[in-house]
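Enquirer: If it helps, the file is called model.txt and holds compact mmCIF, C-alpha atoms and all ligand atoms:
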```
# COMPACT_ATOMS: atom_id res chain seq x y z
CA MET P 1 14.01 -26.09 -10.15
CA ALA P 2 14.03 -29.28 -12.16
CA ILE P 3 12.02 -32.26 -11.01
CA GLN P 4 12.74 -35.61 -12.54
CA ILE P 5 10.51 -38.59 -11.99
CA ASN P 6 12.48 -41.81 -12.36
CA LYS P 7 11.20 -45.14 -13.67
CA GLU P 8 9.80 -46.14 -10.28
CA GLY P 9 7.88 -42.87 -10.11
CA VAL P 10 10.19 -41.45 -7.43
CA PRO P 11 10.83 -37.71 -7.80
CA SER P 12 14.44 -36.61 -7.78
CA VAL P 13 15.07 -32.94 -7.45
CA ILE P 14 17.86 -30.60 -8.32
CA ASN P 15 17.96 -27.43 -6.23
CA THR P 16 15.30 -27.22 -3.56
CA SER P 17 16.26 -23.84 -2.18
CA THR P 18 12.89 -22.05 -2.53
CA PRO P 19 9.30 -23.13 -3.18
CA ARG P 20 8.08 -22.13 -6.64
CA TRP P 21 4.43 -22.07 -5.74
CA ILE P 22 3.10 -20.79 -2.42
CA TRP P 23 -0.43 -21.02 -1.08
CA LEU P 24 -1.34 -18.59 1.68
CA GLN P 25 -4.50 -19.32 3.61
CA LEU P 26 -5.04 -15.73 4.66
CA LEU P 27 -7.88 -16.46 7.04
CA GLU P 28 -10.25 -19.18 8.18
CA ALA P 29 -13.40 -17.05 8.31
CA CYS P 30 -16.02 -17.14 5.61
CA ASN P 31 -19.34 -15.40 5.11
CA LEU P 32 -20.94 -18.50 3.51
CA ARG P 33 -21.74 -22.06 4.59
CA CYS P 34 -21.64 -24.01 1.33
CA LYS P 35 -22.97 -27.50 1.93
CA MET P 36 -20.09 -29.48 0.40
CA CYS P 37 -17.30 -27.35 1.90
CA TYR P 38 -14.71 -29.25 3.94
CA GLU P 39 -14.12 -26.09 5.97
CA TRP P 40 -17.57 -24.64 6.61
CA GLY P 41 -20.06 -27.10 5.11
CA ASP P 42 -22.35 -29.77 6.60
CA ASN P 43 -19.33 -31.70 7.84
CA GLY P 44 -16.91 -28.76 7.86
CA ALA P 45 -13.80 -28.84 10.01
CA TYR P 46 -14.00 -25.19 11.07
CA LYS P 47 -17.56 -25.12 12.31
CA GLU P 48 -16.76 -25.84 15.94
CA ARG P 49 -13.69 -23.60 16.24
CA PRO P 50 -14.16 -21.07 19.03
CA VAL P 51 -11.49 -18.76 17.63
CA LEU P 52 -10.75 -18.21 13.95
CA ALA P 53 -7.20 -17.58 12.87
CA GLN P 54 -5.76 -15.26 10.27
CA LEU P 55 -2.24 -14.68 9.06
CA ASP P 56 -0.34 -11.76 10.49
CA ILE P 57 0.26 -9.33 7.60
CA ASN P 58 3.84 -8.75 8.72
CA VAL P 59 4.53 -12.46 8.52
CA VAL P 60 2.95 -12.57 5.06
CA LYS P 61 5.19 -9.74 3.91
CA GLN P 62 8.24 -11.44 5.39
CA ILE P 63 7.47 -14.64 3.47
CA ILE P 64 7.03 -12.74 0.22
CA GLU P 65 10.27 -10.86 0.74
CA ASP P 66 12.25 -13.97 1.76
CA CYS P 67 11.16 -15.88 -1.34
CA SER P 68 11.22 -12.95 -3.75
CA HIS P 69 14.47 -13.98 -5.49
CA ALA P 70 12.62 -17.02 -6.90
CA LYS P 71 9.46 -15.07 -7.84
CA PRO P 72 7.11 -17.88 -6.77
CA TYR P 73 3.54 -18.06 -8.00
CA TYR P 74 1.07 -17.34 -5.19
CA ASP P 75 -2.42 -18.67 -4.53
CA LEU P 76 -4.42 -16.81 -1.89
CA PHE P 77 -6.83 -19.02 -0.04
CA GLY P 78 -9.39 -18.91 2.76
CA GLY P 79 -12.05 -19.05 4.15
CA GLU P 80 -13.02 -16.23 1.86
CA PRO P 81 -9.80 -14.47 0.82
CA LEU P 82 -11.55 -11.19 -0.06
CA MET P 83 -12.59 -10.87 3.60
CA TYR P 84 -8.96 -10.59 4.74
CA LYS P 85 -8.56 -7.04 5.92
CA HIS P 86 -5.05 -6.69 4.48
CA PHE P 87 -5.94 -8.22 1.14
CA ASP P 88 -4.98 -5.12 -0.86
CA GLU P 89 -1.64 -4.92 0.92
CA VAL P 90 -0.88 -8.53 0.03
CA LEU P 91 -1.58 -7.84 -3.66
CA GLU P 92 0.47 -4.67 -3.50
CA THR P 93 3.45 -6.46 -1.95
CA LEU P 94 3.30 -9.29 -4.48
CA LYS P 95 3.21 -6.79 -7.31
CA TYR P 96 6.18 -4.93 -5.86
CA TYR P 97 8.23 -8.14 -5.79
CA GLY P 98 7.06 -9.22 -9.25
CA SER P 99 5.18 -12.39 -8.28
CA GLN P 100 2.00 -13.47 -10.00
CA VAL P 101 -1.04 -14.23 -7.90
CA ALA P 102 -4.31 -16.11 -8.29
CA PHE P 103 -7.16 -16.75 -5.89
CA PRO P 104 -10.55 -18.41 -5.66
CA THR P 105 -13.44 -16.41 -4.28
CA ASN P 106 -17.09 -17.00 -3.54
CA GLY P 107 -17.71 -13.76 -5.44
CA THR P 108 -19.89 -12.04 -2.85
CA LEU P 109 -17.37 -9.20 -2.37
CA LEU P 110 -16.01 -9.18 -5.88
CA GLU P 111 -17.96 -6.22 -7.17
CA LYS P 112 -16.71 -4.12 -4.26
CA LYS P 113 -13.10 -5.26 -4.63
CA ALA P 114 -12.88 -5.29 -8.44
CA GLU P 115 -11.04 -1.93 -8.72
CA THR P 116 -8.30 -2.97 -6.28
CA ILE P 117 -7.89 -6.37 -7.86
CA ILE P 118 -7.34 -4.73 -11.23
CA GLU P 119 -5.16 -1.97 -9.86
CA HIS P 120 -2.80 -4.39 -8.13
CA GLY P 121 -2.50 -6.61 -11.15
CA ALA P 122 -3.81 -9.96 -9.94
CA HIS P 123 -3.07 -12.63 -12.51
CA ARG P 124 -6.09 -14.91 -12.19
CA VAL P 125 -9.41 -14.84 -10.36
CA TRP P 126 -11.46 -18.02 -9.94
CA VAL P 127 -15.07 -17.38 -9.01
CA SER P 128 -16.83 -20.36 -7.44
CA MET P 129 -20.23 -21.01 -9.03
CA ASP P 130 -21.96 -24.32 -8.83
CA GLY P 131 -24.93 -24.06 -11.18
CA PRO P 132 -27.73 -21.79 -12.31
CA GLU P 133 -29.10 -19.48 -9.65
CA GLU P 134 -31.45 -21.84 -7.81
CA ILE P 135 -28.90 -24.67 -7.71
CA ASN P 136 -25.91 -22.50 -6.88
CA ASP P 137 -27.84 -20.81 -4.09
CA ALA P 138 -29.13 -24.14 -2.76
CA GLN P 139 -25.50 -25.23 -2.40
CA ARG P 140 -23.91 -21.88 -1.49
CA GLY P 141 -26.66 -19.72 0.05
CA PRO P 142 -29.43 -17.31 -0.97
CA GLY P 143 -28.44 -14.33 -3.12
CA VAL P 144 -24.92 -15.61 -3.80
CA PHE P 145 -25.36 -16.27 -7.51
CA LYS P 146 -26.46 -12.74 -8.39
CA LYS P 147 -23.62 -11.16 -6.39
CA ALA P 148 -21.01 -13.43 -7.94
CA ARG P 149 -22.29 -12.79 -11.45
CA ARG P 150 -22.26 -9.03 -10.86
CA GLY P 151 -18.70 -9.38 -9.59
CA ILE P 152 -17.56 -11.21 -12.72
CA GLU P 153 -19.20 -8.60 -14.95
CA LYS P 154 -17.65 -5.70 -13.07
CA LEU P 155 -14.19 -7.25 -13.18
CA PHE P 156 -14.50 -8.02 -16.88
CA ASP P 157 -15.89 -4.58 -17.77
CA LEU P 158 -13.20 -2.73 -15.81
CA ARG P 159 -10.44 -4.80 -17.32
CA GLU P 160 -11.76 -4.22 -20.84
CA ALA P 161 -12.26 -0.49 -20.21
CA LYS P 162 -8.63 -0.21 -19.14
CA GLY P 163 -7.45 -2.36 -22.04
CA LEU P 164 -5.71 -4.82 -19.71
CA GLU P 165 -4.92 -8.45 -20.27
CA PHE P 166 -5.14 -9.39 -16.58
CA PRO P 167 -6.68 -10.58 -14.40
CA LYS P 168 -7.90 -13.58 -16.30
CA VAL P 169 -11.33 -14.44 -14.94
CA GLY P 170 -12.86 -17.88 -14.66
CA ILE P 171 -15.36 -20.09 -12.88
CA ILE P 172 -14.75 -23.13 -10.71
CA PHE P 173 -17.77 -25.42 -10.68
CA ILE P 174 -17.83 -28.06 -7.94
CA ILE P 175 -19.72 -31.13 -9.10
CA THR P 176 -21.73 -32.64 -6.26
CA PRO P 177 -24.89 -34.79 -6.11
CA LEU P 178 -26.85 -31.52 -5.88
CA THR P 179 -25.22 -29.75 -8.85
CA TYR P 180 -24.12 -32.36 -11.37
CA MET P 181 -27.29 -32.25 -13.51
CA HIS P 182 -26.98 -28.50 -14.08
CA VAL P 183 -23.53 -27.95 -15.54
CA GLU P 184 -24.78 -27.25 -19.06
CA ARG P 185 -27.52 -24.91 -17.90
CA LEU P 186 -25.07 -22.67 -16.05
CA PHE P 187 -22.72 -22.24 -18.97
CA PHE P 188 -25.28 -22.29 -21.78
CA GLU P 189 -28.05 -20.19 -20.25
CA HIS P 190 -27.03 -18.28 -17.15
CA ILE P 191 -23.53 -16.97 -17.76
CA ASP P 192 -22.04 -15.07 -20.66
CA ILE P 193 -19.19 -17.43 -21.36
CA THR P 194 -17.51 -14.88 -23.63
CA LYS P 195 -16.64 -12.92 -20.48
CA LEU P 196 -14.66 -15.88 -19.13
CA ASP P 197 -11.09 -16.88 -19.81
CA HIS P 198 -11.24 -20.27 -18.11
CA ILE P 199 -13.58 -22.84 -16.65
CA SER P 200 -12.67 -25.57 -14.21
CA LEU P 201 -15.06 -28.43 -13.51
CA GLU P 202 -14.05 -30.23 -10.34
CA PHE P 203 -15.55 -33.21 -8.58
CA GLN P 204 -16.35 -32.78 -4.92
CA SER P 205 -13.29 -33.86 -2.95
CA PHE P 206 -13.93 -36.43 -0.28
CA ILE P 207 -12.35 -39.25 1.65
CA THR P 208 -14.16 -42.23 3.13
CA PRO P 209 -14.27 -42.89 6.89
CA GLU P 210 -11.82 -45.76 6.24
CA ASP P 211 -9.37 -43.45 4.43
CA HIS P 212 -9.49 -41.15 7.42
CA VAL P 213 -8.62 -43.92 9.87
CA GLU P 214 -5.81 -45.09 7.61
CA TYR P 215 -4.43 -41.55 7.34
CA ARG P 216 -4.47 -41.14 11.12
CA ASN P 217 -2.53 -44.40 11.43
CA ILE P 218 0.07 -43.17 8.96
CA LEU P 219 0.45 -39.91 10.88
CA LYS P 220 0.92 -41.87 14.09
CA ASN P 221 3.23 -44.60 12.82
CA ASN P 222 5.35 -42.61 10.40
CA PHE P 223 5.28 -39.05 11.74
CA ASN P 224 4.81 -39.67 15.45
CA LEU P 225 1.65 -37.60 15.39
CA ASP P 226 -1.18 -38.88 17.56
CA THR P 227 -4.04 -36.77 16.25
CA ASN P 228 -7.71 -37.04 15.41
CA ALA P 229 -6.84 -35.36 12.07
CA GLN P 230 -9.70 -32.92 12.53
CA VAL P 231 -9.08 -30.96 9.32
CA SER P 232 -9.14 -34.06 7.14
CA ASN P 233 -12.30 -35.12 8.90
CA GLY P 234 -14.02 -32.25 7.07
CA PHE P 235 -13.56 -34.24 3.85
CA VAL P 236 -15.14 -37.44 5.16
CA ARG P 237 -18.24 -38.57 3.25
CA LYS P 238 -20.07 -41.84 2.87
CA LEU P 239 -19.91 -43.34 -0.63
CA SER P 240 -23.68 -43.80 -0.56
CA GLU P 241 -24.02 -40.01 -0.96
CA PHE P 242 -22.75 -40.35 -4.54
CA SER P 243 -24.34 -43.62 -5.58
CA GLU P 244 -27.39 -42.11 -7.28
CA MET P 245 -25.44 -39.77 -9.56
CA ASP P 246 -26.15 -40.49 -13.22
CA ARG P 247 -22.64 -41.10 -14.59
CA LYS P 248 -23.74 -41.14 -18.24
CA GLU P 249 -25.62 -37.85 -18.06
CA LEU P 250 -22.78 -36.11 -16.25
CA SER P 251 -20.19 -37.24 -18.77
CA ARG P 252 -22.46 -36.08 -21.61
CA GLN P 253 -22.80 -32.62 -20.11
CA VAL P 254 -19.08 -32.30 -19.46
CA ARG P 255 -18.27 -33.31 -23.04
CA ASN P 256 -20.61 -30.62 -24.33
CA ILE P 257 -19.10 -27.96 -22.12
CA GLU P 258 -15.62 -28.90 -23.23
CA ARG P 259 -16.67 -28.65 -26.87
CA TYR P 260 -18.38 -25.33 -26.22
CA CYS P 261 -15.25 -23.96 -24.55
CA GLN P 262 -13.16 -25.01 -27.53
CA GLU P 263 -15.55 -23.23 -29.89
CA LYS P 264 -15.51 -20.05 -27.83
CA GLY P 265 -11.79 -20.08 -27.07
CA VAL P 266 -12.24 -20.55 -23.33
CA TYR P 267 -9.59 -22.61 -21.50
CA PHE P 268 -11.17 -25.77 -20.11
CA ASN P 269 -9.90 -27.70 -17.11
CA ALA P 270 -11.30 -30.70 -15.29
CA TYR P 271 -10.30 -32.45 -12.06
CA PRO P 272 -10.03 -35.31 -12.58
CA GLN P 273 -9.26 -35.07 -16.28
CA ASN P 274 -11.38 -37.01 -18.76
CA MET P 275 -14.74 -37.14 -17.01
CA THR P 276 -15.92 -40.23 -18.84
CA GLU P 277 -18.53 -42.58 -17.39
CA GLU P 278 -15.73 -44.87 -16.29
CA THR P 279 -13.75 -42.07 -14.63
CA ILE P 280 -16.84 -40.82 -12.84
CA GLU P 281 -17.64 -44.30 -11.58
CA LEU P 282 -14.10 -44.87 -10.30
CA TYR P 283 -13.97 -41.51 -8.59
CA PHE P 284 -17.31 -41.58 -6.84
CA SER P 285 -16.94 -45.19 -5.78
CA GLY P 286 -13.81 -44.20 -3.84
CA ASN P 287 -11.37 -45.72 -6.33
CA SER P 288 -9.84 -42.62 -7.83
CA HIS P 289 -6.34 -44.00 -7.17
CA GLU P 290 -7.12 -46.37 -10.08
CA LEU P 291 -7.62 -43.51 -12.54
CA SER P 292 -5.00 -43.71 -15.25
CA HIS P 293 -3.87 -40.12 -14.70
CA ALA P 294 -3.83 -40.21 -10.88
CA LYS P 295 -0.25 -39.79 -9.75
CA LYS P 296 1.70 -42.67 -8.31
CA ARG P 297 3.95 -40.19 -6.56
CA CYS P 298 3.38 -36.53 -5.77
CA GLU P 299 6.05 -33.96 -6.67
CA PHE P 300 4.41 -31.03 -4.88
CA PRO P 301 6.40 -31.38 -1.64
CA TRP P 302 9.44 -30.37 -3.71
CA LEU P 303 7.69 -27.61 -5.62
CA SER P 304 5.08 -25.95 -3.46
CA THR P 305 4.21 -25.16 0.10
CA GLU P 306 1.12 -23.99 1.89
CA ILE P 307 0.87 -21.81 4.97
CA ASN P 308 -2.44 -21.96 6.76
CA ALA P 309 -4.07 -19.16 8.73
CA ARG P 310 -2.48 -20.45 11.96
CA GLY P 311 0.95 -20.11 10.41
CA ASP P 312 1.40 -23.86 10.06
CA VAL P 313 3.36 -24.96 7.03
CA THR P 314 2.22 -27.98 5.10
CA SER P 315 2.60 -29.14 1.55
CA CYS P 316 -0.71 -30.93 1.21
CA HIS P 317 -3.23 -28.43 -0.06
CA ALA P 318 -6.14 -27.93 2.40
CA PHE P 319 -5.07 -30.98 4.47
CA TYR P 320 -3.49 -29.27 7.40
CA ASP P 321 -3.14 -32.11 9.90
CA LEU P 322 0.48 -32.86 9.08
CA THR P 323 2.42 -29.68 9.77
CA LEU P 324 6.09 -29.09 9.14
CA GLY P 325 6.76 -25.93 11.14
CA ASN P 326 5.15 -22.58 11.92
CA VAL P 327 5.98 -19.24 10.30
CA ASN P 328 5.11 -17.35 13.48
CA GLU P 329 8.12 -19.04 15.09
CA GLU P 330 10.55 -19.75 12.25
CA ARG P 331 11.30 -18.36 8.79
CA LEU P 332 9.60 -20.20 5.93
CA LEU P 333 12.82 -21.06 4.13
CA ASP P 334 14.32 -22.57 7.29
CA ILE P 335 11.24 -24.77 7.62
CA TRP P 336 11.38 -25.60 3.90
CA LYS P 337 14.96 -26.86 4.30
CA GLY P 338 14.44 -28.30 7.79
CA PRO P 339 14.38 -31.90 9.10
CA ARG P 340 10.60 -32.24 9.31
CA TYR P 341 10.17 -31.35 5.64
CA LYS P 342 12.92 -33.80 4.78
CA GLU P 343 11.20 -36.59 6.68
CA TYR P 344 7.93 -35.80 4.89
CA ARG P 345 9.57 -35.74 1.45
CA ASN P 346 11.37 -38.98 2.17
CA TYR P 347 8.07 -40.62 3.00
CA LEU P 348 6.49 -39.37 -0.23
CA LYS P 349 9.36 -40.60 -2.35
CA ARG P 350 8.05 -44.10 -1.75
CA ASN P 351 4.43 -43.66 -0.70
CA SER P 352 1.27 -41.67 -1.11
CA PHE P 353 -1.44 -40.81 1.42
CA PRO P 354 -5.03 -42.05 1.51
CA ILE P 355 -6.02 -38.36 1.34
CA CYS P 356 -4.27 -37.95 -2.02
CA GLN P 357 -7.35 -39.16 -3.81
CA ALA P 358 -9.23 -36.09 -2.50
CA CYS P 359 -6.46 -33.65 -3.37
CA CYS P 360 -6.73 -31.59 -6.56
CA LEU P 361 -2.93 -31.65 -6.80
CA ASN P 362 -3.17 -35.38 -7.40
CA PHE P 363 -4.60 -34.56 -10.82
CA LYS P 364 -2.55 -31.50 -11.57
CA THR P 365 0.58 -31.48 -13.69
CA LYS P 366 3.51 -29.56 -12.29
CA THR P 367 3.47 -26.93 -15.01
CA GLU P 368 -0.18 -25.83 -14.83
CA LYS P 369 -1.12 -22.77 -12.82
C1 LIG I 401 -12.44 -23.63 0.27
S1 LIG I 401 -12.85 -22.50 -0.97
C2 LIG I 401 -11.99 -21.03 -0.46
C3 LIG I 401 -12.22 -19.87 -1.41
C4 LIG I 401 -13.59 -19.24 -1.45
N1 LIG I 401 -14.24 -19.19 -0.21
C5 LIG I 401 -14.45 -19.92 -2.51
O1 LIG I 401 -15.46 -20.54 -2.16
O2 LIG I 401 -14.08 -19.82 -3.68
C6 LIG I 401 -11.84 -22.98 -2.36
C7 LIG I 401 -12.55 -23.80 -3.41
O3 LIG I 401 -12.87 -25.07 -2.87
C8 LIG I 401 -14.13 -25.44 -3.35
N2 LIG I 401 -14.66 -26.48 -2.48
C9 LIG I 401 -15.32 -26.39 -1.33
N3 LIG I 401 -15.63 -27.61 -0.85
C10 LIG I 401 -15.14 -28.50 -1.73
C11 LIG I 401 -15.11 -29.92 -1.81
N4 LIG I 401 -15.64 -30.69 -0.89
N5 LIG I 401 -14.51 -30.47 -2.88
C12 LIG I 401 -13.93 -29.73 -3.84
N6 LIG I 401 -13.90 -28.39 -3.82
C13 LIG I 401 -14.51 -27.78 -2.79
C14 LIG I 401 -14.90 -24.13 -3.34
O4 LIG I 401 -16.07 -24.19 -4.12
C15 LIG I 401 -13.86 -23.20 -3.90
O5 LIG I 401 -13.90 -23.24 -5.32
S1 LIG I 402 -17.43 -19.73 0.29
FE1 LIG I 402 -15.64 -21.05 0.07
S2 LIG I 402 -14.80 -21.31 2.14
FE2 LIG I 402 -16.82 -20.38 2.33
S3 LIG I 402 -18.16 -22.08 2.76
FE3 LIG I 402 -18.18 -21.74 0.56
S4 LIG I 402 -16.59 -23.05 -0.32
FE4 LIG I 402 -16.26 -22.91 1.89
S1 LIG I 403 -2.38 -34.84 -0.47
FE1 LIG I 403 -1.17 -36.18 -1.80
S2 LIG I 403 -1.46 -35.35 -3.84
FE2 LIG I 403 -2.01 -33.74 -2.40
S3 LIG I 403 -0.13 -32.54 -2.06
FE3 LIG I 403 -0.25 -34.09 -0.46
S4 LIG I 403 0.97 -35.79 -1.23
FE4 LIG I 403 0.44 -34.48 -2.99
```
Let me see the structure of the file written as structure tokens.
Expert:
Amino acid sequence: MAIQINKEGVPSVINTSTPRWIWLQLLEACNLRCKMCYEWGDNGAYKERPVLAQLDINVVKQIIEDCSHAKPYYDLFGGEPLMYKHFDEVLETLKYYGSQVAFPTNGTLLEKKAETIIEHGAHRVWVSMDGPEEINDAQRGPGVFKKARRGIEKLFDLREAKGLEFPKVGIIFIITPLTYMHVERLFFEHIDITKLDHISLEFQSFITPEDHVEYRNILKNNFNLDTNAQVSNGFVRKLSEFSEMDRKELSRQVRNIERYCQEKGVYFNAYPQNMTEETIELYFSGNSHELSHAKKRCEFPWLSTEINARGDVTSCHAFYDLTLGNVNEERLLDIWKGPRYKEYRNYLKRNSFPICQACCLNFKTKTEK
């Protein structure tokens, strides 16, 4: 599918028959309670849910089959995706239909699942690690660091022993007030970077209370949705939480990591890109829409789709308040071509959402995976 962005920044699209990139939130459950997590953290949206949802494996298989002619790229999401009881079957089905698949994981079950992940040919594994042991475990829970590191080593060793190129293995580091001073220490002292193919440094995503109110108003006025936008509420943070972060020190550490990755041949990614002092200040003062590389318009509604554990279809990654249909009731491709999706795309041709500044896709180019 070709996407063209015209001079006004409005995407025009040729051929929208099938999404090229599909996120499947396999389940909501997670075995951790990471402090910054918009799902299960201090302010997490899932904490009060009496019943946790998961995708029906038959529905997952139907989606994969229906879209197989386009061989979309898949991202498996959670909760913790490795806890999904049909995880192996999902990988097996994707392999059968020739789609590539990536997923993030907290790493606690990685050692146990490494064989299957290799056997079913996953393309990329992102292990979440937010600092050296004491910092990572302060953010993610006791004992998590050691398990995740063992998982990475097992995956790497198995892959090398079998002489395979995939899965590529990397670390996602979420930069928060608790972790930002310890980026260098993780990669220089506590992890063997030569066992990694990629590193992604990502700022904690958040929206302000004001952004949340504005988003709710947009949902009401433009999409006829009177909702408390409970999922997006998981992202709400006060700017004062970030005010003490030393911008200069963080940018110095990031520069060094980037240089180190170049030296060692490890792919380096950052969201947002260019973590200079100025970028850091704009982002953590709630002005990330002013970043030079923040998108004016988002092309993802034409390229990708996300199905959450309840079966709701949405294009905004992890922001599940605006839904466009449900795969338990309708086929994905009918939803993808349906009126609700059209209305949503039409809105985004001319506008963005206040939540966009907390969305990693806002900083992602359409070609990266
Ligand atoms: C929601 S988790 C789901 C997958 C898995 N449980 C894990 O932790 O990798 C996906 C990614 O989001 C990251 N994450 C959690 N809270 C975040 C936040 N507020 N801002 C940015 N990333 C966040 C996690 O660290 C992880 O890398
Ligand atoms: S492991 Fe992932 S989903 Fe679970 S609490 Fe941590 S960041 Fe959230
Ligand atoms: S939240 Fe914004 S940037 Fe993210 S997918 Fe939706 S429209 Fe795009």
Enquirer: Write out as lines of an AutoDock Vina configuration file an axis-aligned box for ligand LIG 402 (chain I): all of its atoms listed in the file, 4 Å added on each side, centre and edge lengths in Å with one decimal.
Expert:
```
center_x = -16.5
center_y = -21.4
center_z = 1.2
size_x = 11.4
size_y = 11.3
size_z = 11.1
```
Enquirer: Under the rule of at most 6 Å, produce a per-residue listing of chain P near ligand LIG 403 (chain I): chain, number, name, the closest pair of atoms, and the distance in Å, as a Markdown table, using all atoms listed in the file.
Expert:
```
| residue | atom | partner | partner_atom | distance |
| --- | --- | --- | --- | --- |
| P:Cys298 | CA | I:LIG403 | FE4 | 4.5 |
| P:Phe300 | CA | I:LIG403 | S3 | 5.6 |
| P:Ser315 | CA | I:LIG403 | S3 | 5.7 |
| P:Cys316 | CA | I:LIG403 | FE3 | 3.6 |
| P:His317 | CA | I:LIG403 | S3 | 5.5 |
| P:Ser352 | CA | I:LIG403 | S4 | 5.9 |
| P:Phe353 | CA | I:LIG403 | FE1 | 5.6 |
| P:Ile355 | CA | I:LIG403 | S1 | 5.4 |
| P:Cys356 | CA | I:LIG403 | FE1 | 3.6 |
| P:Cys359 | CA | I:LIG403 | FE2 | 4.6 |
| P:Leu361 | CA | I:LIG403 | FE2 | 5.0 |
| P:Asn362 | CA | I:LIG403 | S2 | 3.9 |
```
Enquirer: Just the number, please: distance in Å from CA of Asn326 (chain P) to CA of Ser68 (chain P), one decimal.
Expert: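 Rounded to one decimal, the two atoms are 19.4 Å apart.
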Enquirer: Please measure the separation of CA of Gly107 (chain P) and CA of Val125 (chain P), giving the value in Å to one decimal.
Expert: 9.7 Å
Enquirer: When you look at Phe242 (chain P) with a cut-off of 8 Å (counting only C-alpha atoms), what residues show up, excluding the ones that are within fewer than 5 positions of it in the same chain? I need them as a PyMOL selection string.
Expert: chain P and resi 176-177+284-285
Enquirer: Using all atoms listed in the file, which protein or nucleic acid residues are at most 8 Å from ligand LIG 401 (chain I), as a tab-separated table (two decimals) with C-alpha atoms, in the frame of the given file?
Expert:
```tsv
chain	number	residue	atom	x	y	z
P	30	CYS	CA	-16.02	-17.14	5.61
P	32	LEU	CA	-20.94	-18.50	3.51
P	34	CYS	CA	-21.64	-24.01	1.33
P	35	LYS	CA	-22.97	-27.50	1.93
P	36	MET	CA	-20.09	-29.48	0.40
P	37	CYS	CA	-17.30	-27.35	1.90
P	38	TYR	CA	-14.71	-29.25	3.94
P	39	GLU	CA	-14.12	-26.09	5.97
P	41	GLY	CA	-20.06	-27.10	5.11
P	77	PHE	CA	-6.83	-19.02	-0.04
P	78	GLY	CA	-9.39	-18.91	2.76
P	79	GLY	CA	-12.05	-19.05	4.15
P	80	GLU	CA	-13.02	-16.23	1.86
P	81	PRO	CA	-9.80	-14.47	0.82
P	103	PHE	CA	-7.16	-16.75	-5.89
P	104	PRO	CA	-10.55	-18.41	-5.66
P	105	THR	CA	-13.44	-16.41	-4.28
P	106	ASN	CA	-17.09	-17.00	-3.54
P	107	GLY	CA	-17.71	-13.76	-5.44
P	126	TRP	CA	-11.46	-18.02	-9.94
P	127	VAL	CA	-15.07	-17.38	-9.01
P	128	SER	CA	-16.83	-20.36	-7.44
P	129	MET	CA	-20.23	-21.01	-9.03
P	130	ASP	CA	-21.96	-24.32	-8.83
P	172	ILE	CA	-14.75	-23.13	-10.71
P	173	PHE	CA	-17.77	-25.42	-10.68
P	174	ILE	CA	-17.83	-28.06	-7.94
P	175	ILE	CA	-19.72	-31.13	-9.10
P	202	GLU	CA	-14.05	-30.23	-10.34
P	203	PHE	CA	-15.55	-33.21	-8.58
P	204	GLN	CA	-16.35	-32.78	-4.92
P	205	SER	CA	-13.29	-33.86	-2.95
P	206	PHE	CA	-13.93	-36.43	-0.28
P	235	PHE	CA	-13.56	-34.24	3.85
P	318	ALA	CA	-6.14	-27.93	2.40
P	358	ALA	CA	-9.23	-36.09	-2.50
P	360	CYS	CA	-6.73	-31.59	-6.56
```
Enquirer: Smallest atom-to-atom distance to Gly44 (chain P): which of P:Arg237, P:Arg216, P:Lys154, P:Arg350, using all atoms listed in the file?
Expert: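 That would be P:Arg237, the residue with the smallest distance to Gly44 (chain P).
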Enquirer: Between CA of Leu225 (chain P) and CA of Gly286 (chain P), what is the distance in Å, rounded to a tenth?
Expert: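 It comes out at 25.5 Å.
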Enquirer: Between P:Asp312, P:Asp211, P:Asp246, P:Asp75, which residue has the minimum interatomic distance to Gln54 (chain P), considering all atoms listed in the file?
Expert: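 For Gln54 (chain P), the nearest of the given residues is P:Asp312.
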Enquirer: If we count only C-alpha atoms and set the cut-off at 7 Å, which residues sit around region 268-272 of chain P, ignoring sequence neighbours fewer than 2 positions away in its own chain? Please answer as an NGL selection string.
Expert: :P and (198-203 or 258 or 261 or 266 or 274-275 or 360 or 363)
